[in-house]
$ cat model27.pdb   # PDB, C-alpha atoms
ATOM      1  CA  MET A   1      55.376 -17.053   0.588  1.00  0.00           C
ATOM      2  CA  GLY A   2      54.188 -13.745  -0.716  1.00  0.00           C
ATOM      3  CA  VAL A   3      50.658 -14.893  -1.663  1.00  0.00           C
ATOM      4  CA  GLU A   4      48.160 -12.039  -1.782  1.00  0.00           C
ATOM      5  CA  ASN A   5      44.562 -12.390  -0.640  1.00  0.00           C
ATOM      6  CA  ASN A   6      42.661 -12.396  -3.928  1.00  0.00           C
ATOM      7  CA  LEU A   7      39.271 -12.048  -2.184  1.00  0.00           C
ATOM      8  CA  ILE A   8      39.788  -8.354  -1.442  1.00  0.00           C
ATOM      9  CA  GLU A   9      37.419  -6.123  -3.371  1.00  0.00           C
ATOM     10  CA  THR A  10      38.683  -3.198  -5.396  1.00  0.00           C
ATOM     11  CA  THR A  11      36.593  -0.313  -6.624  1.00  0.00           C
ATOM     12  CA  LYS A  12      35.712   0.190 -10.267  1.00  0.00           C
ATOM     13  CA  GLY A  13      34.556   3.801 -10.292  1.00  0.00           C
ATOM     14  CA  GLN A  14      31.880   5.115  -7.931  1.00  0.00           C
ATOM     15  CA  THR A  15      29.162   2.558  -8.717  1.00  0.00           C
ATOM     16  CA  HIS A  16      30.865  -0.846  -9.044  1.00  0.00           C
ATOM     17  CA  ILE A  17      33.323  -3.084  -7.181  1.00  0.00           C
ATOM     18  CA  ASP A  18      35.513  -5.897  -8.463  1.00  0.00           C
ATOM     19  CA  CYS A  19      34.988  -8.866  -6.187  1.00  0.00           C
ATOM     20  CA  THR A  20      37.172 -11.860  -7.116  1.00  0.00           C
ATOM     21  CA  SER A  21      37.349 -10.744 -10.751  1.00  0.00           C
ATOM     22  CA  ARG A  22      33.576 -10.296 -10.974  1.00  0.00           C
ATOM     23  CA  VAL A  23      32.305  -6.708 -11.341  1.00  0.00           C
ATOM     24  CA  VAL A  24      29.277  -6.079  -9.108  1.00  0.00           C
ATOM     25  CA  SER A  25      27.019  -3.037  -8.804  1.00  0.00           C
ATOM     26  CA  ILE A  26      27.383  -1.421  -5.370  1.00  0.00           C
ATOM     27  CA  LEU A  27      23.623  -0.772  -5.316  1.00  0.00           C
ATOM     28  CA  GLU A  28      22.914  -4.479  -5.946  1.00  0.00           C
ATOM     29  CA  PHE A  29      25.363  -5.379  -3.153  1.00  0.00           C
ATOM     30  CA  CYS A  30      23.568  -2.999  -0.769  1.00  0.00           C
ATOM     31  CA  LYS A  31      20.117  -4.310  -1.749  1.00  0.00           C
ATOM     32  CA  LYS A  32      21.161  -7.854  -0.814  1.00  0.00           C
ATOM     33  CA  LYS A  33      22.757  -6.651   2.424  1.00  0.00           C
ATOM     34  CA  SER A  34      19.833  -4.555   3.693  1.00  0.00           C
ATOM     35  CA  ALA A  35      16.615  -5.655   5.352  1.00  0.00           C
ATOM     36  CA  LYS A  36      13.329  -5.050   3.533  1.00  0.00           C
ATOM     37  CA  ARG A  37      12.186  -2.518   6.148  1.00  0.00           C
ATOM     38  CA  GLN A  38      15.232  -0.307   5.612  1.00  0.00           C
ATOM     39  CA  ASN A  39      15.008   2.557   3.120  1.00  0.00           C
ATOM     40  CA  LEU A  40      18.107   2.221   0.951  1.00  0.00           C
ATOM     41  CA  ILE A  41      18.859   5.503  -0.783  1.00  0.00           C
ATOM     42  CA  ARG A  42      22.216   4.748  -2.409  1.00  0.00           C
ATOM     43  CA  GLY A  43      25.413   2.754  -2.353  1.00  0.00           C
ATOM     44  CA  ARG A  44      28.753   4.401  -2.932  1.00  0.00           C
ATOM     45  CA  VAL A  45      32.496   4.096  -2.506  1.00  0.00           C
ATOM     46  CA  ASP A  46      33.849   5.689   0.693  1.00  0.00           C
ATOM     47  CA  VAL A  47      35.910   8.679  -0.465  1.00  0.00           C
ATOM     48  CA  LEU A  48      38.416   8.458   2.394  1.00  0.00           C
ATOM     49  CA  SER A  49      39.246   4.743   2.324  1.00  0.00           C
ATOM     50  CA  LYS A  50      38.654   4.343  -1.439  1.00  0.00           C
ATOM     51  CA  ASN A  51      38.029   0.591  -1.004  1.00  0.00           C
ATOM     52  CA  ASN A  52      35.083   0.518   1.406  1.00  0.00           C
ATOM     53  CA  VAL A  53      31.475   0.407   0.286  1.00  0.00           C
ATOM     54  CA  VAL A  54      28.933   2.575   2.098  1.00  0.00           C
ATOM     55  CA  CYS A  55      25.229   1.709   1.987  1.00  0.00           C
ATOM     56  CA  GLU A  56      23.131   4.727   2.970  1.00  0.00           C
ATOM     57  CA  TYR A  57      19.598   4.622   4.408  1.00  0.00           C
ATOM     58  CA  ALA A  58      17.076   7.405   5.094  1.00  0.00           C
ATOM     59  CA  LYS A  59      13.353   8.056   5.503  1.00  0.00           C
ATOM     60  CA  SER A  60      13.510  11.159   3.329  1.00  0.00           C
ATOM     61  CA  VAL A  61      15.822  13.016   0.960  1.00  0.00           C
ATOM     62  CA  ILE A  62      15.641  16.669  -0.088  1.00  0.00           C
ATOM     63  CA  LEU A  63      17.620  17.373  -3.235  1.00  0.00           C
ATOM     64  CA  LYS A  64      18.280  20.698  -4.940  1.00  0.00           C
ATOM     65  CA  VAL A  65      20.134  20.654  -8.246  1.00  0.00           C
ATOM     66  CA  LYS A  66      21.262  23.611 -10.325  1.00  0.00           C
ATOM     67  CA  CYS A  67      20.420  23.187 -14.003  1.00  0.00           C
ATOM     68  CA  ASP A  68      23.658  24.433 -15.500  1.00  0.00           C
ATOM     69  CA  GLY A  69      24.244  21.695 -18.069  1.00  0.00           C
ATOM     70  CA  ASP A  70      27.754  20.783 -16.886  1.00  0.00           C
ATOM     71  CA  VAL A  71      26.693  18.568 -13.984  1.00  0.00           C
ATOM     72  CA  PHE A  72      23.016  17.893 -14.725  1.00  0.00           C
ATOM     73  CA  LYS A  73      21.050  19.002 -17.765  1.00  0.00           C
ATOM     74  CA  CYS A  74      17.444  19.728 -16.852  1.00  0.00           C
ATOM     75  CA  SER A  75      14.566  19.167 -19.220  1.00  0.00           C
ATOM     76  CA  LYS A  76      11.340  21.148 -19.399  1.00  0.00           C
ATOM     77  CA  ASN A  77       9.643  18.504 -17.257  1.00  0.00           C
ATOM     78  CA  TYR A  78      11.158  18.859 -13.776  1.00  0.00           C
ATOM     79  CA  LYS A  79       9.135  15.908 -12.414  1.00  0.00           C
ATOM     80  CA  SER A  80      10.831  13.552 -14.887  1.00  0.00           C
ATOM     81  CA  ASP A  81      14.185  15.106 -13.936  1.00  0.00           C
ATOM     82  CA  CYS A  82      13.504  14.268 -10.284  1.00  0.00           C
ATOM     83  CA  LEU A  83      12.562  10.718 -11.265  1.00  0.00           C
ATOM     84  CA  ARG A  84      15.868  10.420 -13.179  1.00  0.00           C
ATOM     85  CA  LEU A  85      17.800  11.569 -10.096  1.00  0.00           C
ATOM     86  CA  LYS A  86      15.910   9.135  -7.831  1.00  0.00           C
ATOM     87  CA  SER A  87      18.011   6.123  -8.825  1.00  0.00           C
ATOM     88  CA  ALA A  88      21.224   7.910  -7.810  1.00  0.00           C
ATOM     89  CA  PHE A  89      20.091   9.644  -4.609  1.00  0.00           C
ATOM     90  CA  ALA A  90      16.850   8.114  -3.297  1.00  0.00           C
ATOM     91  CA  TYR A  91      16.641   4.573  -4.656  1.00  0.00           C
ATOM     92  CA  SER A  92      13.863   3.012  -2.522  1.00  0.00           C
ATOM     93  CA  LEU A  93      11.962   6.220  -1.712  1.00  0.00           C
ATOM     94  CA  GLU A  94       9.030   7.718  -3.581  1.00  0.00           C
ATOM     95  CA  LEU A  95       8.973  11.161  -5.173  1.00  0.00           C
ATOM     96  CA  SER A  96       6.721  13.309  -2.942  1.00  0.00           C
ATOM     97  CA  HIS A  97       7.246  16.762  -4.432  1.00  0.00           C
ATOM     98  CA  SER A  98       9.037  18.396  -7.337  1.00  0.00           C
ATOM     99  CA  ALA A  99       9.420  22.048  -8.293  1.00  0.00           C
ATOM    100  CA  LYS A 100      11.582  24.350 -10.377  1.00  0.00           C
ATOM    101  CA  ILE A 101      12.420  27.851  -9.220  1.00  0.00           C
ATOM    102  CA  GLU A 102      14.572  29.899 -11.567  1.00  0.00           C
ATOM    103  CA  ASN A 103      17.377  27.524 -12.623  1.00  0.00           C
ATOM    104  CA  VAL A 104      17.151  25.065  -9.684  1.00  0.00           C
ATOM    105  CA  ILE A 105      14.993  21.960  -9.414  1.00  0.00           C
ATOM    106  CA  SER A 106      13.909  20.751  -5.972  1.00  0.00           C
ATOM    107  CA  CYS A 107      12.981  17.144  -5.352  1.00  0.00           C
ATOM    108  CA  ILE A 108      11.602  15.678  -2.132  1.00  0.00           C
ATOM    109  CA  TYR A 109      11.588  11.913  -1.747  1.00  0.00           C
ATOM    110  CA  SER A 110      10.082  10.058   1.189  1.00  0.00           C
ATOM    111  CA  ALA A 111       9.171   6.626   2.468  1.00  0.00           C
ATOM    112  CA  ASP A 112       5.511   5.607   2.491  1.00  0.00           C
ATOM    113  CA  GLU A 113       4.813   7.302   5.832  1.00  0.00           C
ATOM    114  CA  SER A 114       4.067  11.030   5.969  1.00  0.00           C
ATOM    115  CA  LEU A 115       6.826  13.568   6.519  1.00  0.00           C
ATOM    116  CA  ASP A 116       7.038  15.969   9.456  1.00  0.00           C
ATOM    117  CA  LEU A 117       8.211  19.165   7.756  1.00  0.00           C
TER     118      LEU A 117
END

$ encode --input "model27.pdb" --output "structure tokens"
Amino acid sequence: MGVENNLIETTKGQTHIDCTSRVVSILEFCKKKSAKRQNLIRGRVDVLSKNNVVCEYAKSVILKVKCDGDVFKCSKNYKSDCLRLKSAFAYSLELSHSAKIENVISCIYSADESLDL
């Protein structure tokens, strides 16, 4: 009789979902969903479907960010900048290397094992 399924999740921005009127962090959802041996790097809303959550896993992440102030404002300490970016792009990985060349910071994150570069 026209009853909608109220258990369907809806997105609340790029980092949260509304699940039965309770707002939940996508990262927290992914942490509960993943096994301990998996390297969760981030949780996000699928751009194409707009209502699906994607949990991403990787052994390493290489990130290069331009310090232009509009998207990301860099400080004088590029290592702390890389640590700030870790929660958004490399959640369960460790910062292995950080550098700043001209106006771009480079951050390399990896799991505990060594990287084959």

$ closest_residue --input "model27.pdb" --among "A:Leu83, A:Cys67, A:Val61, A:Leu93" --to "Ile108 (chain A)" --atoms "only C-alpha atoms"
A:Val61

$ resolve_selection --input "model27.pdb" --expression "the PyMOL selection byres ((chain A and resi 27-43) around 8)" --output "NGL selection string"
:A and (15 or 24-26 or 44-45 or 53-59 or 87-93 or 111)

$ write_last_selection --input "model27.pdb" --atoms "C-alpha atoms" --output "PDB file, keeping the file's coordinate frame"
ATOM      1  CA  THR A  15      29.162   2.558  -8.717  1.00  0.00           C
ATOM      2  CA  VAL A  24      29.277  -6.079  -9.108  1.00  0.00           C
ATOM      3  CA  SER A  25      27.019  -3.037  -8.804  1.00  0.00           C
ATOM      4  CA  ILE A  26      27.383  -1.421  -5.370  1.00  0.00           C
ATOM      5  CA  ARG A  44      28.753   4.401  -2.932  1.00  0.00           C
ATOM      6  CA  VAL A  45      32.496   4.096  -2.506  1.00  0.00           C
ATOM      7  CA  VAL A  53      31.475   0.407   0.286  1.00  0.00           C
ATOM      8  CA  VAL A  54      28.933   2.575   2.098  1.00  0.00           C
ATOM      9  CA  CYS A  55      25.229   1.709   1.987  1.00  0.00           C
ATOM     10  CA  GLU A  56      23.131   4.727   2.970  1.00  0.00           C
ATOM     11  CA  TYR A  57      19.598   4.622   4.408  1.00  0.00           C
ATOM     12  CA  ALA A  58      17.076   7.405   5.094  1.00  0.00           C
ATOM     13  CA  LYS A  59      13.353   8.056   5.503  1.00  0.00           C
ATOM     14  CA  SER A  87      18.011   6.123  -8.825  1.00  0.00           C
ATOM     15  CA  ALA A  88      21.224   7.910  -7.810  1.00  0.00           C
ATOM     16  CA  PHE A  89      20.091   9.644  -4.609  1.00  0.00           C
ATOM     17  CA  ALA A  90      16.850   8.114  -3.297  1.00  0.00           C
ATOM     18  CA  TYR A  91      16.641   4.573  -4.656  1.00  0.00           C
ATOM     19  CA  SER A  92      13.863   3.012  -2.522  1.00  0.00           C
ATOM     20  CA  LEU A  93      11.962   6.220  -1.712  1.00  0.00           C
ATOM     21  CA  ALA A 111       9.171   6.626   2.468  1.00  0.00           C
TER      22      ALA A 111
END

$ closest_residue --input "model27.pdb" --among "A:Asn103, A:Asn77, A:Ser110, A:Thr20" --to "Ser60 (chain A)" --atoms "all atoms listed in the file"
A:Ser110

$ atom_distance --input "model27.pdb" --atom1 "CA of Lys86 (chain A)" --atom2 "CA of Val47 (chain A)"
21.3 Å

$ closest_residue --input "model27.pdb" --among "A:Leu85, A:Thr10, A:Asp112, A:Ile101" --to "Ser49 (chain A)" --atoms "only C-alpha atoms"
A:Thr10

$ closest_residue --input "model27.pdb" --among "A:Leu48, A:Leu95, A:Ile62, A:Val104" --to "Cys74 (chain A)" --atoms "only C-alpha atoms"
A:Val104

$ atom_distance --input "model27.pdb" --atom1 "CA of Asp81 (chain A)" --atom2 "CA of Cys107 (chain A)"
8.9 Å

$ atom_distance --input "model27.pdb" --atom1 "CA of Gly69 (chain A)" --atom2 "CA of Cys82 (chain A)"
15.2 Å

$ axis_aligned_box --input "model27.pdb" --around "region 43-48 of chain A" --padding-each-side "4 Å" --output "AutoDock Vina command-line options"
--center_x 31.9 --center_y 5.7 --center_z -0.3 --size_x 21.0 --size_y 13.9 --size_z 13.3

$ closest_residue --input "model27.pdb" --among "A:Asn52, A:Ser106, A:Ser21, A:Gln14" --to "Lys79 (chain A)" --atoms "all atoms listed in the file"
A:Ser106

$ closest_residue --input "model27.pdb" --among "A:Ala99, A:Val65, A:Ile17, A:Val71" --to "Asp46 (chain A)" --atoms "only C-alpha atoms"
A:Ile17
